[in-house]
Structures are given as C-alpha cells and as structure tokens.
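Asker: Pasting a structure below so you can have a look.
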Protein chains: 2
Amino acid sequence: MSRTRTSHGRTGRPPVTSRAQILTAAREIIDRDGWEKLTIRRLAAEIGIGPTTLYHHVRDKKELLLLLLNDYLGQVEHPPLPDDPRDRIIVATTAMHDAGAAWPWVVETATTDGFVALLDESALWMVEVILAAAEDYGCTPAQAVYIFRCIWYYTAGEIIVRANTASRRAGDLGPFSLSDLDASQVPHLAAIGDSWGDVAQADTYVDGLCALVDGLLAQATSAKP
Amino acid sequence: MSRTRTSHGRTGRPPVTSRAQILTAAREIIDRDGWEKLTIRRLAAEIGIGPTTLYHHVRDKKELLLLLLNDYLGQVEHPPLPDDPRDRIIVATTAMHDAGAAWPWVVETATTDGFVALLDESALWMVEVILAAAEDYGCTPAQAVYIFRCIWYYTAGEIIVRANTASRRAGDLGPFSLSDLDASQVPHLAAIGDSWGDVAQADTYVDGLCALVDGLLAQATSAKP
DNA sequence: ACCTGAACACCGTTCAAGT
DNA sequence: ACCTGAACACCGTTCAAGT
C-alpha cells in the first residue's frame, strides 16, 4: 500500500511516474480545467508520458478516481464536534457536504451503496462520527447505518443538483419560464410561477438536513423499524 | 409544438423521421440495450438514417433526453391520492421515486435546480400534488417549494445510489470488505463490519421519506424559516 | 520492469455538398 | 427542405513490440 518507490538503486534517476505524482497531476488538471477535463489521455500528457504508460500504475479510470477520492477525503479537516449527538451529526454531515460541494465529482465515485468499503480509514472519520453519534443517541447499529444512508442520499442529491445548476448557469438553457403554465392544470405551480427561481436560489441544505435528522431520530427512538 | 407532419402533399410517402419515431426508437434502445447505449449514432442506426440527419429533428443530445423525459413522465400513471396532506405527499413522492427508479437515467436530466421549468404540464402533476398538499397543510408557497426541493434531493440521491449499486452488482468491484478496518480508528464502523452489506440491502426509501417529510412539516408549522 | 506507438471501437457535433 | 458522407476533436483500453 504505502511502499515508497522514490528511488530504486544507485542510478539516482527519480521514477518518472509514481502514484503520488499521478494524483498531484490529476488534481492540477481538475483545479485548472475542471473535473470533466480529467481524462486518462490528458493526465498522461500533463505528466509527459504516453497514455498507455498510465495503465502500469493504475488499473482503470475508476481506480484512479477512487485513489483521488481517498486522497482528497483524507485531507478534509476535522471540525470541532459538539457534545450533543444530534448536533454532532449535523456538524459532521455538513463537513461531508462541504467537501463534496467543493469537489462535486466525488459523488460520481461515492454514489454506490457500499462505497464505504472502498475507503481508507482516514477518509471514513465522517461516517464514524455519524454512526457513533446515532448510537450515543440510543440507536442500534442497524438504525445508525440506516440513518447514515438516508443522510447520504439527501446530501448526494443536493450536491449533484448544486453542481449541475452551477454548470447550467454558465450555459445554454433559457433563463426560466414557469410563468406560461396552464393554471387549470397546475394551479399551485402556476401561482408560484417565476418566483420559484428566487426561492430555489436560497441555500437551504442545512435546514433540510436538520428536518431529516430530527425526523430520523424521532423515528428511531419511538419504534424500531 | 404538436404540429403533425405525418404527410406533406400527395406523395403519400411517410416521412422517414419524425419526433415520435425518434422517441420510440430511443425507448426501444433503452429497453433493449440499457440506457448507456443510447447514443446519437446508435439511435440513427436504429432508425436507419445517418447520424447527422438526426440533427435536423433534434438540436442536441440534451434536447433529445428532455423530449424523452417529458414523454416518459407524461405516461406515468396517477395513483389514487389520500385525503391527508401528509400522506398525499408520501404517495405522490413515492410515485415519482418509482418512476425514476424504473428509468434511472431521468435523474441525469432532472438533477438541475429549475428543471421543473423544462417540463410539460403533463409531467408536472407530481410537483403540483406535493406543492398543493404542503399548502393544504398550512405551508406558504415558498415553504412548499423548499419542501419539494428537499424531497427531491433525497429522492434523486436514493435513485442514483440504487442505479449505481445495481450496475455494480453485475460488475467489477470485490464482494465487500469492511471487516479489516482498524478498530482503534473507526470503532463503530469496525463493529458493524460486514453486516453493513446486509443492512444496506434493505429498501428503506419510504421509511426515510416519512422521516424527512415529518421533519419538514414539523419545521414549517413551528416557525417560519 | 517499464515504457512505447499504433490500433480498436467508440463518442457528439459540424460542415460543405448533394437531391 | 431534407438528407448525406467525410471529417474534427475527442474518449477508454488493449496489445505486440521495444529498451
């Protein structure tokens, strides 16, 4: 795993490609050109090697993304955690969300049930904090996993919509037209009309998260599902 | 919009390509080969025309997907709605979820804030029902929009994870290994270990939705955000 | 071992040209 | 108008061959 190969013998010639170098170059591309531009071919060009050479260091594009994801999550700083278990869930989840919102491509690799099994310990502290807090609150381990999954669905969905909306804003589609709807068919929608845009601009992630967590904790302690 | 061009003059030769034919062919490909296989080139081949010809009937691949999405959502059947507003939200959302789970690619086009503005009236009844129910419950229009967005984040996230997990099950990654974690670093996760897989297999979408909706309604009626 | 170029089997999209 | 082939600028990945 962590075998360092910075030099091999007396030649002193540093290896042209190492996993660390690959990851650095990949992050360089993402930060500079956007994450859609991270391709095997571009990454190889960035390092200065042939595309095929990359396959000696990384099995797949998927493995590359997983490596990158673990590396990134391991560097996310740990926020101070409050004592109250409920608040601890909110804080840890918000940290998870902010990390994802800053690098939305992580959801691409992380939106598989069981992706936790692919992560390093250093990347799993957020999951651990949420599980521990839920159990502190009185949940069973199974309930804690259930709560984590629900929180992750909500968070992943919000990050994806957020990312797509941001790239749309740059882009193509017209401004917005919820005003010319047939009021007899969809009266409430027609009444809201174009003010939808204003309302939807507000960042309500944390509000919604609180509602979800409170609902989940109430559910878990009232009856066992 | 609905101008029919099934014949133009006396020639009697039906046009080789119409929007309806394109959509039918696209659904054929998705149902037969999976939605990843729906490409402009394959679609053209399916119809029996050149790829470039398609661009005379559809601006973009994105427009094609939007056309397909509207068409599909318009055909989703309306479930009987209960009187209780809270239950109405659950039923309408579940219908929306089931439609998405059956055709997960819809999230690709629908995970943009404001995607509602791109939909036809016939596809918007689920949104309308949710907004109406929230207002029936005592919410302001703005609160109703907020509730819809939260519900959509949770639902979209669940559908995406569900779809990715299903395609993974066919696939590549190892079985699961949450057992060899360092218990000193992540004790709760290590304790759960491989039983995560069993717990995560349960379909808890509706349970989580109920928790979310109850949390949101409690929040909306207690104070105005 | 480590790296290479050439090739395979694809993409979405544009554009000048045909009928 | 409607359709076309050729081309552009890409993808991820494989494979036989080089050092």
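If you're wondering about the labels, chains in the structure tokens are A, B, ... by order shown, residues count from 1 in each chain, ligands from 1 in order shown.
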Please provide as a ChimeraX atom specification all residues within 10 Å of Ala44 in chain B, with the sequence filter that same-chain residues fewer than 3 positions apart are discarded (counting only C-alpha atoms (C1' of nucleotides)).
Answerer: /B:17,22,25-26,39-41,47-55
Asker: Take the residues from that selection and write them out as an mmCIF file, in the first residue's frame, keeping N, CA, C and O atoms.
Answerer:
data_model
loop_
_atom_site.group_PDB
_atom_site.id
_atom_site.type_symbol
_atom_site.label_atom_id
_atom_site.label_comp_id
_atom_site.auth_asym_id
_atom_site.auth_seq_id
_atom_site.Cartn_x
_atom_site.Cartn_y
_atom_site.Cartn_z
ATOM 1 N N THR B 17 -38.375 10.217 -40.815
ATOM 2 C CA THR B 17 -38.065 10.544 -39.436
ATOM 3 C C THR B 17 -39.036 11.584 -38.912
ATOM 4 O O THR B 17 -39.236 12.625 -39.508
ATOM 5 N N ILE B 22 -38.502 8.999 -33.548
ATOM 6 C CA ILE B 22 -37.218 9.086 -32.854
ATOM 7 C C ILE B 22 -37.367 8.655 -31.400
ATOM 8 O O ILE B 22 -36.578 7.870 -30.881
ATOM 9 N N ALA B 25 -37.901 4.915 -31.102
ATOM 10 C CA ALA B 25 -36.643 4.191 -31.315
ATOM 11 C C ALA B 25 -35.720 4.327 -30.103
ATOM 12 O O ALA B 25 -35.055 3.368 -29.704
ATOM 13 N N ALA B 26 -35.710 5.516 -29.517
ATOM 14 C CA ALA B 26 -34.850 5.738 -28.358
ATOM 15 C C ALA B 26 -35.276 4.853 -27.191
ATOM 16 O O ALA B 26 -34.444 4.223 -26.533
ATOM 17 N N THR B 39 -26.989 6.415 -27.807
ATOM 18 C CA THR B 39 -26.134 7.464 -28.356
ATOM 19 C C THR B 39 -26.771 7.948 -29.648
ATOM 20 O O THR B 39 -27.591 7.255 -30.241
ATOM 21 N N ILE B 40 -26.393 9.128 -30.032
ATOM 22 C CA ILE B 40 -26.915 9.703 -31.271
ATOM 23 C C ILE B 40 -26.652 8.748 -32.441
ATOM 24 O O ILE B 40 -27.539 8.498 -33.261
ATOM 25 N N ARG B 41 -25.465 8.211 -32.466
ATOM 26 C CA ARG B 41 -25.088 7.341 -33.584
ATOM 27 C C ARG B 41 -25.898 6.054 -33.611
ATOM 28 O O ARG B 41 -26.376 5.616 -34.668
ATOM 29 N N ILE B 47 -32.885 3.791 -36.452
ATOM 30 C CA ILE B 47 -33.922 4.308 -37.339
ATOM 31 C C ILE B 47 -33.589 3.993 -38.796
ATOM 32 O O ILE B 47 -34.474 3.842 -39.628
ATOM 33 N N GLY B 48 -32.307 3.900 -39.063
ATOM 34 C CA GLY B 48 -31.881 3.617 -40.429
ATOM 35 C C GLY B 48 -31.477 4.851 -41.208
ATOM 36 O O GLY B 48 -31.538 4.884 -42.432
ATOM 37 N N ILE B 49 -31.045 5.878 -40.469
ATOM 38 C CA ILE B 49 -30.602 7.114 -41.118
ATOM 39 C C ILE B 49 -29.174 7.428 -40.675
ATOM 40 O O ILE B 49 -28.637 6.772 -39.771
ATOM 41 N N GLY B 50 -28.599 8.408 -41.302
ATOM 42 C CA GLY B 50 -27.262 8.824 -40.907
ATOM 43 C C GLY B 50 -27.312 9.616 -39.621
ATOM 44 O O GLY B 50 -28.320 10.255 -39.318
ATOM 45 N N PRO B 51 -26.237 9.563 -38.837
ATOM 46 C CA PRO B 51 -26.209 10.274 -37.554
ATOM 47 C C PRO B 51 -26.472 11.762 -37.725
ATOM 48 O O PRO B 51 -27.141 12.388 -36.903
ATOM 49 N N THR B 52 -25.984 12.300 -38.801
ATOM 50 C CA THR B 52 -26.107 13.746 -38.981
ATOM 51 C C THR B 52 -27.537 14.162 -39.291
ATOM 52 O O THR B 52 -27.934 15.289 -38.996
ATOM 53 N N THR B 53 -28.294 13.260 -39.857
ATOM 54 C CA THR B 53 -29.689 13.568 -40.178
ATOM 55 C C THR B 53 -30.494 13.867 -38.917
ATOM 56 O O THR B 53 -31.415 14.683 -38.929
ATOM 57 N N LEU B 54 -30.116 13.188 -37.856
ATOM 58 C CA LEU B 54 -30.833 13.370 -36.598
ATOM 59 C C LEU B 54 -30.819 14.825 -36.145
ATOM 60 O O LEU B 54 -31.772 15.290 -35.507
ATOM 61 N N TYR B 55 -29.780 15.519 -36.502
ATOM 62 C CA TYR B 55 -29.648 16.903 -36.052
ATOM 63 C C TYR B 55 -30.625 17.855 -36.744
ATOM 64 O O TYR B 55 -30.687 19.028 -36.399
#
Asker: Using only C-alpha atoms (C1' of nucleotides) and a cut-off of 12 Å, which residues of chain D sit close to chain A? Please list them as a PyMOL selection string.
Answerer: chain D and resi 10-15
Asker: If you keep all heavy atoms, can you produce a file of those selected residues as a compact mmCIF listing (two decimals), in the first residue's frame?
Answerer:
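Result file is selection_19.txt:
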# COMPACT_ATOMS: atom_id res chain seq x y z
P DC D 10 -9.64 18.22 -28.80
OP1 DC D 10 -10.31 18.28 -27.49
OP2 DC D 10 -8.54 19.15 -29.12
O5' DC D 10 -9.14 16.72 -29.07
C5' DC D 10 -9.19 15.74 -28.02
C4' DC D 10 -10.60 15.21 -27.85
O4' DC D 10 -11.09 14.70 -29.09
C3' DC D 10 -10.68 14.04 -26.89
O3' DC D 10 -10.76 14.54 -25.56
C2' DC D 10 -11.96 13.36 -27.32
C1' DC D 10 -12.05 13.69 -28.81
N1 DC D 10 -11.79 12.54 -29.74
C2 DC D 10 -12.62 11.42 -29.73
O2 DC D 10 -13.58 11.39 -28.95
N3 DC D 10 -12.37 10.39 -30.58
C4 DC D 10 -11.32 10.46 -31.41
N4 DC D 10 -11.11 9.43 -32.23
C5 DC D 10 -10.44 11.58 -31.42
C6 DC D 10 -10.71 12.59 -30.58
P DC D 11 -9.88 13.92 -24.40
OP1 DC D 11 -9.65 14.93 -23.36
OP2 DC D 11 -8.72 13.22 -24.98
O5' DC D 11 -10.90 12.88 -23.83
C5' DC D 11 -10.79 11.56 -24.29
C4' DC D 11 -12.01 10.79 -23.96
O4' DC D 11 -12.75 10.54 -25.17
C3' DC D 11 -11.65 9.44 -23.37
O3' DC D 11 -11.88 9.48 -21.98
C2' DC D 11 -12.53 8.47 -24.11
C1' DC D 11 -12.79 9.15 -25.44
N1 DC D 11 -11.83 8.86 -26.55
C2 DC D 11 -11.82 7.58 -27.13
O2 DC D 11 -12.60 6.72 -26.70
N3 DC D 11 -10.95 7.33 -28.14
C4 DC D 11 -10.12 8.29 -28.57
N4 DC D 11 -9.29 8.00 -29.59
C5 DC D 11 -10.11 9.59 -27.99
C6 DC D 11 -10.96 9.83 -26.98
P DG D 12 -10.70 9.04 -20.99
OP1 DG D 12 -11.04 9.58 -19.66
OP2 DG D 12 -9.39 9.32 -21.59
O5' DG D 12 -10.94 7.47 -20.99
C5' DG D 12 -12.20 6.96 -20.60
C4' DG D 12 -12.26 5.48 -20.92
O4' DG D 12 -12.06 5.32 -22.34
C3' DG D 12 -11.16 4.69 -20.22
O3' DG D 12 -11.71 3.47 -19.73
C2' DG D 12 -10.14 4.44 -21.34
C1' DG D 12 -11.00 4.41 -22.59
N9 DG D 12 -10.28 4.87 -23.78
C8 DG D 12 -9.64 6.06 -23.96
N7 DG D 12 -9.07 6.19 -25.12
C5 DG D 12 -9.36 5.00 -25.77
C6 DG D 12 -9.00 4.55 -27.07
O6 DG D 12 -8.34 5.13 -27.93
N1 DG D 12 -9.48 3.27 -27.32
C2 DG D 12 -10.23 2.53 -26.43
N2 DG D 12 -10.61 1.32 -26.86
N3 DG D 12 -10.58 2.93 -25.22
C4 DG D 12 -10.10 4.17 -24.95
P DT D 13 -10.83 2.47 -18.85
OP1 DT D 13 -11.72 1.60 -18.07
OP2 DT D 13 -9.77 3.25 -18.19
O5' DT D 13 -10.17 1.58 -20.00
C5' DT D 13 -11.04 0.92 -20.93
C4' DT D 13 -10.21 0.14 -21.94
O4' DT D 13 -9.64 1.05 -22.90
C3' DT D 13 -9.05 -0.65 -21.33
O3' DT D 13 -9.32 -2.03 -21.53
C2' DT D 13 -7.83 -0.15 -22.11
C1' DT D 13 -8.45 0.47 -23.36
N1 DT D 13 -7.65 1.54 -24.01
C2 DT D 13 -7.24 1.36 -25.30
O2 DT D 13 -7.49 0.36 -25.94
N3 DT D 13 -6.52 2.41 -25.83
C4 DT D 13 -6.16 3.59 -25.19
O4 DT D 13 -5.51 4.45 -25.77
C5 DT D 13 -6.63 3.71 -23.83
C7 DT D 13 -6.30 4.94 -23.04
C6 DT D 13 -7.34 2.69 -23.31
P DT D 14 -8.29 -3.15 -21.05
OP1 DT D 14 -9.10 -4.29 -20.58
OP2 DT D 14 -7.27 -2.55 -20.17
O5' DT D 14 -7.62 -3.55 -22.43
C5' DT D 14 -8.45 -3.72 -23.58
C4' DT D 14 -7.62 -4.22 -24.75
O4' DT D 14 -6.95 -3.10 -25.39
C3' DT D 14 -6.52 -5.21 -24.39
O3' DT D 14 -6.46 -6.20 -25.42
C2' DT D 14 -5.27 -4.35 -24.37
C1' DT D 14 -5.57 -3.36 -25.49
N1 DT D 14 -4.88 -2.05 -25.40
C2 DT D 14 -4.34 -1.50 -26.54
O2 DT D 14 -4.37 -2.05 -27.62
N3 DT D 14 -3.74 -0.27 -26.35
C4 DT D 14 -3.65 0.45 -25.18
O4 DT D 14 -3.10 1.53 -25.14
C5 DT D 14 -4.24 -0.19 -24.02
C7 DT D 14 -4.18 0.50 -22.70
C6 DT D 14 -4.82 -1.38 -24.18
P DC D 15 -5.69 -7.58 -25.17
OP1 DC D 15 -6.70 -8.64 -25.12
OP2 DC D 15 -4.72 -7.43 -24.05
O5' DC D 15 -4.86 -7.72 -26.53
C5' DC D 15 -4.80 -6.63 -27.48
C4' DC D 15 -3.45 -6.60 -28.17
O4' DC D 15 -2.88 -5.29 -28.05
C3' DC D 15 -2.41 -7.57 -27.59
O3' DC D 15 -1.55 -8.02 -28.64
C2' DC D 15 -1.65 -6.68 -26.62
C1' DC D 15 -1.60 -5.38 -27.44
N1 DC D 15 -1.35 -4.16 -26.61
C2 DC D 15 -0.84 -3.01 -27.23
O2 DC D 15 -0.61 -3.01 -28.44
N3 DC D 15 -0.61 -1.91 -26.46
C4 DC D 15 -0.88 -1.94 -25.14
N4 DC D 15 -0.64 -0.83 -24.44
C5 DC D 15 -1.40 -3.11 -24.52
C6 DC D 15 -1.62 -4.19 -25.28
Asker: Can you tell me, as a list in words, what residues are no more than 12 Å from DA16 in chain D when counting only C-alpha atoms (C1' of nucleotides), ignoring any on the same chain fewer than 6 positions away?
Answerer: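 In the requested form, the answer reads DT4, DG5, DA6 and DA7 of chain C.
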Asker: I need the residues from that last selection saved to file as an mmCIF file, in the first residue's frame (with N, CA and C atoms (P, O5', C5', C4', C3', O3' and C1' of nucleotides)), if you can.
Answerer:
data_model
loop_
_atom_site.group_PDB
_atom_site.id
_atom_site.type_symbol
_atom_site.label_atom_id
_atom_site.label_comp_id
_atom_site.auth_asym_id
_atom_site.auth_seq_id
_atom_site.Cartn_x
_atom_site.Cartn_y
_atom_site.Cartn_z
ATOM 1 P P DT C 4 6.670 6.631 -22.242
ATOM 2 O "O5'" DT C 4 6.496 5.833 -23.597
ATOM 3 C "C5'" DT C 4 7.627 5.649 -24.468
ATOM 4 C "C4'" DT C 4 7.226 4.840 -25.678
ATOM 5 C "C3'" DT C 4 5.983 5.355 -26.382
ATOM 6 O "O3'" DT C 4 6.360 6.334 -27.328
ATOM 7 C "C1'" DT C 4 6.038 2.944 -26.255
ATOM 8 P P DG C 5 5.237 7.217 -28.027
ATOM 9 O "O5'" DG C 5 4.842 6.310 -29.271
ATOM 10 C "C5'" DG C 5 5.844 5.715 -30.081
ATOM 11 C "C4'" DG C 5 5.224 4.865 -31.169
ATOM 12 C "C3'" DG C 5 4.151 5.568 -32.007
ATOM 13 O "O3'" DG C 5 4.245 5.090 -33.346
ATOM 14 C "C1'" DG C 5 3.156 3.783 -30.780
ATOM 15 P P DA C 6 3.229 5.631 -34.448
ATOM 16 O "O5'" DA C 6 2.196 4.421 -34.562
ATOM 17 C "C5'" DA C 6 2.688 3.074 -34.596
ATOM 18 C "C4'" DA C 6 1.531 2.095 -34.649
ATOM 19 C "C3'" DA C 6 0.318 2.553 -35.473
ATOM 20 O "O3'" DA C 6 -0.124 1.478 -36.280
ATOM 21 C "C1'" DA C 6 -0.359 2.010 -33.276
ATOM 22 P P DA C 7 -1.409 1.643 -37.232
ATOM 23 O "O5'" DA C 7 -2.562 0.971 -36.370
ATOM 24 C "C5'" DA C 7 -2.323 -0.287 -35.753
ATOM 25 C "C4'" DA C 7 -3.496 -0.674 -34.887
ATOM 26 C "C3'" DA C 7 -4.871 -0.380 -35.506
ATOM 27 O "O3'" DA C 7 -5.636 -1.563 -35.518
ATOM 28 C "C1'" DA C 7 -4.757 0.423 -33.276
#
Asker: Between CA of Gly197 in chain B and CA of Ile130 in chain A, what is the distance, to one decimal in Å?
Answerer: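 Between CA of Gly197 in chain B and CA of Ile130 in chain A the gap works out to 17.5 Å.
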Asker: Counting only C-alpha atoms, a student should be able to say which residues of chain B come within 7 Å of chain A; what is the right answer, written as a ChimeraX atom specification?
Answerer: /B:111-114,117,121,125,128,131-132,141-142,150,153-154,156-158,160-161,164-165,176-178,185-186,188-189,192,197,199,208,211-212,214-216,219
Asker: Given the choices B:Arg88, B:His78, B:Arg59, B:Lys37, which gets closest to Ala123 in chain B if the distance is worked out from only C-alpha atoms?
Answerer: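 Of the candidates, the smallest distance to Ala123 in chain B is held by B:His78.
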